[in-house]
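File shown here: data_28.cif, holding mmCIF, C-alpha atoms and all ligand atoms.
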data_coords
loop_
_atom_site.group_PDB
_atom_site.id
_atom_site.type_symbol
_atom_site.label_atom_id
_atom_site.label_comp_id
_atom_site.auth_asym_id
_atom_site.auth_seq_id
_atom_site.Cartn_x
_atom_site.Cartn_y
_atom_site.Cartn_z
ATOM 1 C CA MET A 1 5.005 13.869 20.359
ATOM 2 C CA SER A 2 6.244 10.307 20.325
ATOM 3 C CA GLU A 3 7.653 8.710 17.247
ATOM 4 C CA ASP A 4 4.508 6.648 16.772
ATOM 5 C CA ASP A 5 2.401 9.763 16.599
ATOM 6 C CA GLN A 6 4.173 11.129 13.588
ATOM 7 C CA PRO A 7 2.323 10.936 10.290
ATOM 8 C CA LEU A 8 3.291 7.962 8.238
ATOM 9 C CA LEU A 9 5.353 8.904 5.235
ATOM 10 C CA ASP A 10 5.547 7.112 1.950
ATOM 11 C CA LEU A 11 8.768 5.199 2.398
ATOM 12 C CA ALA A 12 8.369 2.812 -0.451
ATOM 13 C CA PHE A 13 10.401 2.456 -3.571
ATOM 14 C CA ALA A 14 9.650 4.461 -6.661
ATOM 15 C CA ASP A 15 7.863 2.554 -9.386
ATOM 16 C CA GLY A 16 11.077 2.114 -11.318
ATOM 17 C CA ALA A 17 12.715 0.294 -8.436
ATOM 18 C CA ILE A 18 10.194 -2.534 -8.390
ATOM 19 C CA GLU A 19 11.469 -5.772 -9.822
ATOM 20 C CA PHE A 20 9.266 -8.317 -11.442
ATOM 21 C CA VAL A 21 9.805 -11.974 -10.734
ATOM 22 C CA ALA A 22 8.845 -14.344 -13.503
ATOM 23 C CA ASP A 23 6.307 -16.961 -12.494
ATOM 24 C CA ASP A 24 7.332 -20.251 -14.041
ATOM 25 C CA ALA A 25 5.088 -22.331 -11.823
ATOM 26 C CA GLN A 26 2.452 -22.725 -14.511
ATOM 27 C CA GLY A 27 4.611 -24.980 -16.684
ATOM 28 C CA ASN A 28 7.416 -24.628 -19.114
ATOM 29 C CA ARG A 29 5.380 -23.048 -21.865
ATOM 30 C CA PRO A 30 6.680 -19.548 -22.573
ATOM 31 C CA ARG A 31 4.127 -16.940 -21.646
ATOM 32 C CA PRO A 32 3.531 -13.684 -23.444
ATOM 33 C CA VAL A 33 5.922 -11.081 -22.146
ATOM 34 C CA ARG A 34 4.406 -7.878 -20.890
ATOM 35 C CA VAL A 35 6.508 -4.783 -21.071
ATOM 36 C CA VAL A 36 6.791 -2.754 -17.902
ATOM 37 C CA ASP A 37 5.659 0.770 -18.644
ATOM 38 C CA HIS A 38 6.012 3.210 -15.763
ATOM 39 C CA SER A 39 3.885 5.791 -17.543
ATOM 40 C CA LEU A 40 1.004 3.447 -18.361
ATOM 41 C CA GLN A 41 -2.335 5.032 -17.551
ATOM 42 C CA PRO A 42 -5.212 2.870 -16.301
ATOM 43 C CA SER A 43 -8.276 2.004 -18.335
ATOM 44 C CA GLN A 44 -11.762 2.194 -16.857
ATOM 45 C CA ALA A 45 -11.537 -1.577 -16.342
ATOM 46 C CA ASN A 46 -8.219 -1.157 -14.490
ATOM 47 C CA ILE A 47 -9.795 1.473 -12.267
ATOM 48 C CA ALA A 48 -12.798 -0.751 -11.578
ATOM 49 C CA ALA A 49 -10.416 -3.595 -10.685
ATOM 50 C CA PHE A 50 -8.632 -1.265 -8.278
ATOM 51 C CA TRP A 51 -11.800 -0.275 -6.415
ATOM 52 C CA SER A 52 -12.924 -3.905 -6.241
ATOM 53 C CA LYS A 53 -9.939 -4.392 -3.902
ATOM 54 C CA VAL A 54 -10.911 -1.596 -1.530
ATOM 55 C CA VAL A 55 -13.054 -1.946 1.607
ATOM 56 C CA LYS A 56 -14.409 1.347 2.889
ATOM 57 C CA SER A 57 -14.760 1.958 6.600
ATOM 58 C CA PRO A 58 -16.354 5.128 7.969
ATOM 59 C CA THR A 59 -12.844 6.551 8.180
ATOM 60 C CA CYS A 60 -10.109 4.837 6.173
ATOM 61 C CA TRP A 61 -10.562 3.050 2.865
ATOM 62 C CA TYR A 62 -8.527 -0.149 3.126
ATOM 63 C CA TRP A 63 -6.693 -1.817 0.295
ATOM 64 C CA VAL A 64 -7.261 -5.599 0.454
ATOM 65 C CA GLY A 65 -5.273 -6.676 -2.612
ATOM 66 C CA ALA A 66 -1.579 -7.497 -2.826
ATOM 67 C CA ILE A 67 0.623 -6.198 -0.030
ATOM 68 C CA SER A 68 4.273 -5.385 -0.437
ATOM 69 C CA ALA A 69 6.952 -6.402 2.060
ATOM 70 C CA PRO A 70 8.493 -5.182 4.223
ATOM 71 C CA ASP A 71 6.736 -1.841 4.154
ATOM 72 C CA GLY A 72 3.162 -3.162 4.380
ATOM 73 C CA TYR A 73 1.815 -0.940 1.627
ATOM 74 C CA GLY A 74 -0.805 -2.035 -0.863
ATOM 75 C CA ARG A 75 0.409 -2.874 -4.343
ATOM 76 C CA PHE A 76 -1.602 -2.775 -7.539
ATOM 77 C CA ASN A 77 -0.618 -4.269 -10.879
ATOM 78 C CA PHE A 78 -2.592 -3.449 -13.986
ATOM 79 C CA GLN A 79 -2.268 -4.375 -17.628
ATOM 80 C CA ARG A 80 -3.326 -2.936 -20.940
ATOM 81 C CA GLY A 81 -2.508 -4.902 -24.036
ATOM 82 C CA ASN A 82 1.088 -6.039 -23.733
ATOM 83 C CA ARG A 83 2.003 -3.414 -21.180
ATOM 84 C CA GLN A 84 1.832 -3.514 -17.411
ATOM 85 C CA ARG A 85 2.583 -1.315 -14.474
ATOM 86 C CA THR A 86 2.835 -1.986 -10.764
ATOM 87 C CA MET A 87 2.194 0.850 -8.361
ATOM 88 C CA LEU A 88 1.758 1.344 -4.683
ATOM 89 C CA ALA A 89 -2.009 1.264 -4.202
ATOM 90 C CA HIS A 90 -2.126 4.579 -2.368
ATOM 91 C CA ARG A 91 -0.106 6.304 -5.076
ATOM 92 C CA PHE A 92 -2.469 4.912 -7.692
ATOM 93 C CA SER A 93 -5.337 6.402 -5.737
ATOM 94 C CA VAL A 94 -3.625 9.773 -5.516
ATOM 95 C CA GLU A 95 -2.997 9.721 -9.277
ATOM 96 C CA LEU A 96 -6.669 8.979 -9.891
ATOM 97 C CA GLU A 97 -7.503 12.104 -7.930
ATOM 98 C CA HIS A 98 -4.747 14.472 -8.980
ATOM 99 C CA GLY A 99 -3.236 13.047 -12.161
ATOM 100 C CA PRO A 100 0.257 11.599 -12.601
ATOM 101 C CA LEU A 101 2.589 12.324 -9.714
ATOM 102 C CA GLU A 102 5.698 14.250 -10.522
ATOM 103 C CA ALA A 103 9.041 12.622 -9.802
ATOM 104 C CA GLY A 104 10.006 12.888 -6.162
ATOM 105 C CA VAL A 105 6.520 13.625 -4.900
ATOM 106 C CA VAL A 106 5.891 11.898 -1.603
ATOM 107 C CA CYS A 107 2.497 10.711 -0.452
ATOM 108 C CA GLU A 108 1.813 10.951 3.228
ATOM 109 C CA HIS A 109 -0.682 8.994 5.299
ATOM 110 C CA LYS A 110 -2.045 11.486 7.815
ATOM 111 C CA CYS A 111 -4.123 8.636 9.230
ATOM 112 C CA ASN A 112 -1.031 6.491 9.837
ATOM 113 C CA GLU A 113 -2.623 3.614 7.962
ATOM 114 C CA PRO A 114 -0.362 2.174 5.232
ATOM 115 C CA LEU A 115 -3.269 0.399 3.502
ATOM 116 C CA CYS A 116 -5.463 3.486 3.305
ATOM 117 C CA VAL A 117 -6.219 4.687 -0.233
ATOM 118 C CA ARG A 118 -8.612 7.485 0.683
ATOM 119 C CA VAL A 119 -7.361 10.770 -0.717
ATOM 120 C CA GLY A 120 -8.049 13.743 1.507
ATOM 121 C CA PRO A 121 -6.529 15.992 4.166
ATOM 122 C CA ALA A 122 -7.203 13.521 7.002
ATOM 123 C CA HIS A 123 -5.890 10.518 5.113
ATOM 124 C CA LEU A 124 -3.706 10.622 2.048
ATOM 125 C CA VAL A 125 -2.037 13.781 0.840
ATOM 126 C CA GLN A 126 0.778 14.757 -1.470
ATOM 127 C CA SER A 127 3.560 16.207 0.574
ATOM 128 C CA THR A 128 5.140 19.536 -0.174
ATOM 129 C CA HIS A 129 8.779 20.255 -0.773
ATOM 130 C CA SER A 130 9.198 21.161 2.879
ATOM 131 C CA GLU A 131 8.435 17.563 3.798
ATOM 132 C CA ASN A 132 11.612 16.327 2.166
ATOM 133 C CA VAL A 133 13.728 16.675 5.264
ATOM 134 C CA ARG A 134 11.243 14.728 7.333
ATOM 135 C CA TYR A 135 11.125 12.158 4.571
ATOM 136 C CA ALA A 136 14.858 11.647 4.808
ATOM 137 C CA ILE A 137 14.596 11.227 8.568
ATOM 138 C CA ALA A 138 11.797 8.727 8.100
ATOM 139 C CA LEU A 139 13.871 6.807 5.590
ATOM 140 C CA GLY A 140 16.528 6.440 8.222
ATOM 141 C CA ARG A 141 13.947 5.103 10.626
ATOM 142 C CA LEU A 142 12.920 2.479 8.093
ATOM 143 C CA SER A 143 16.076 0.483 8.702
ATOM 144 C CA GLY A 144 15.346 0.039 12.385
ATOM 145 C CA HIS A 145 12.372 -0.560 14.596
ATOM 146 C CA ALA A 146 10.130 1.673 12.523
ATOM 147 C CA LEU A 147 8.979 -1.445 10.716
ATOM 148 C CA LEU A 148 7.448 -2.724 13.923
ATOM 149 C CA ASP A 149 4.093 -1.607 15.230
ATOM 150 C CA GLY A 150 3.173 -1.216 18.889
ATOM 151 C CA GLN A 151 2.592 -4.953 19.229
ATOM 152 C CA GLY A 152 5.998 -5.928 17.890
ATOM 153 C CA ARG A 153 4.669 -6.987 14.524
ATOM 154 C CA THR A 154 6.236 -5.853 11.322
ATOM 155 C CA ARG A 155 4.223 -3.419 9.269
ATOM 156 C CA TYR A 156 3.840 -6.179 6.707
ATOM 157 C CA GLU A 157 2.324 -8.555 9.296
ATOM 158 C CA ARG A 158 0.002 -5.845 10.514
ATOM 159 C CA SER A 159 -1.236 -5.180 6.987
ATOM 160 C CA LEU A 160 -1.823 -8.894 6.394
ATOM 161 C CA ALA A 161 -3.880 -9.077 9.592
ATOM 162 C CA ILE A 162 -6.016 -6.122 8.549
ATOM 163 C CA ARG A 163 -6.585 -7.534 5.085
ATOM 164 C CA GLU A 164 -7.659 -10.842 6.632
ATOM 165 C CA ALA A 165 -10.075 -9.054 8.952
ATOM 166 C CA LEU A 166 -11.729 -7.337 5.995
ATOM 167 C CA ARG A 167 -11.870 -10.290 3.607
ATOM 168 C CA ASP A 168 -15.672 -10.484 3.863
ATOM 169 C CA GLY A 169 -16.168 -6.736 3.882
ATOM 170 C CA TYR A 170 -16.099 -4.113 6.587
ATOM 171 C CA ASP A 171 -16.239 -5.603 10.073
ATOM 172 C CA GLU A 172 -15.590 -3.062 12.787
ATOM 173 C CA GLN A 173 -14.771 -5.574 15.516
ATOM 174 C CA ALA A 174 -12.539 -7.733 13.335
ATOM 175 C CA LEU A 175 -10.703 -4.641 12.158
ATOM 176 C CA LEU A 176 -10.160 -3.457 15.708
ATOM 177 C CA ARG A 177 -8.817 -6.859 16.724
ATOM 178 C CA ALA A 178 -6.465 -6.931 13.751
ATOM 179 C CA LYS A 179 -5.107 -3.529 14.701
ATOM 180 C CA THR A 180 -4.640 -4.199 18.384
ATOM 181 C CA ASP A 181 -4.353 -7.927 19.033
ATOM 182 C CA PRO A 182 -1.770 -9.789 16.961
ATOM 183 C CA GLY A 183 -2.215 -12.870 19.163
ATOM 184 C CA GLN A 184 -5.740 -13.250 17.905
ATOM 185 C CA TRP A 185 -4.507 -13.077 14.359
ATOM 186 C CA GLN A 186 -1.837 -15.714 14.919
ATOM 187 C CA GLN A 187 -4.399 -18.085 16.371
ATOM 188 C CA THR A 188 -6.382 -17.939 13.165
ATOM 189 C CA LEU A 189 -3.259 -18.692 11.161
ATOM 190 C CA PHE A 190 -2.197 -21.897 12.884
HETATM 191 ZN ZN ZN B 1 -6.959 6.720 6.122
#

Written form, structure tokens:
Amino acid sequence: MSEDDQPLLDLAFADGAIEFVADDAQGNRPRPVRVVDHSLQPSQANIAAFWSKVVKSPTCWYWVGAISAPDGYGRFNFQRGNRQRTMLAHRFSVELEHGPLEAGVVCEHKCNEPLCVRVGPAHLVQSTHSENVRYAIALGRLSGHALLDGQGRTRYERSLAIREALRDGYDEQALLRAKTDPGQWQQTLF
């Protein structure tokens, strides 16, 4: 089994490690401050907003909203009142299915697709305690070439290409090109 064949583990930071950068670009007027609440639960409107950013293929369900760097995972921010929370999109999806994740629980992409938010045994699963050792190994890999895909792109670049391919909905050929032909993607950028 080559390294690329191994299931993709959730290598991203825990919610509490995410920093928020203030956006002052809209002028000097102070904006209402939202309090980060790592236990905030989504409203029905938040959940609807989440699914509006998902494009379903016959296999994976692809997140097409914000993408985090350098890991290439989807990222979802939601607000209720004066509170907000940012989560990895796939962890949000798992919480919708199974309820709040306990601390230290790792989500694993059996489909090896960082943007996939489809919960199920062939796609996105909560890992068991026995996965922790593999998780640590995978964390070590994160510092090196593990961030590159088979075409020499970073995982972040790959995710951007896939999101671009799905911007008008599911397109099997565009998706295939985005996964396998980074040159094609670069031509559309420049
Ligand atoms: Zn999948």

Please give me, as a PyMOL selection string, the residues lying within 9 Å of ligand ZN 1 (chain B) when counting all atoms listed in the file. chain A and resi 59-62+109-120+122-124

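Of the residues under consideration (A:Val54, A:Ile67, A:Ala103, A:Leu96), A:Val54 shows the shortest atom-to-atom contact distance to Gly169 (chain A) when counting all atoms listed in the file.
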
Applied to this file, what does the PyMOL selection byres (((chain A and resi 172) around 12) and not hetatm) return in terms of residues, put as a ChimeraX atom specification? /A:55-60,162,165-166,168-171,173-179

Please enumerate the residues selected by the PyMOL selection byres (((chain A and resi 38-51) around 12) and not hetatm) when evaluated against the supplied file, formatted as a ChimeraX atom specification. /A:14-18,35-37,52-56,61-66,74-93,95-97,99-103,117-118

Just how far from CA of Arg34 (chain A) is CA of Gly72 (chain A), in Å to one decimal?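 Atom-to-atom, CA of Gly72 (chain A) to CA of Arg34 (chain A), that is 25.7 Å.
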
Point-to-point distance in Å for CA of Thr180 (chain A) and CA of Glu164 (chain A): 13.8 Å

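Interatomic distance, CA of Asp71 (chain A) to CA of Ser159 (chain A): 9.1 Å.
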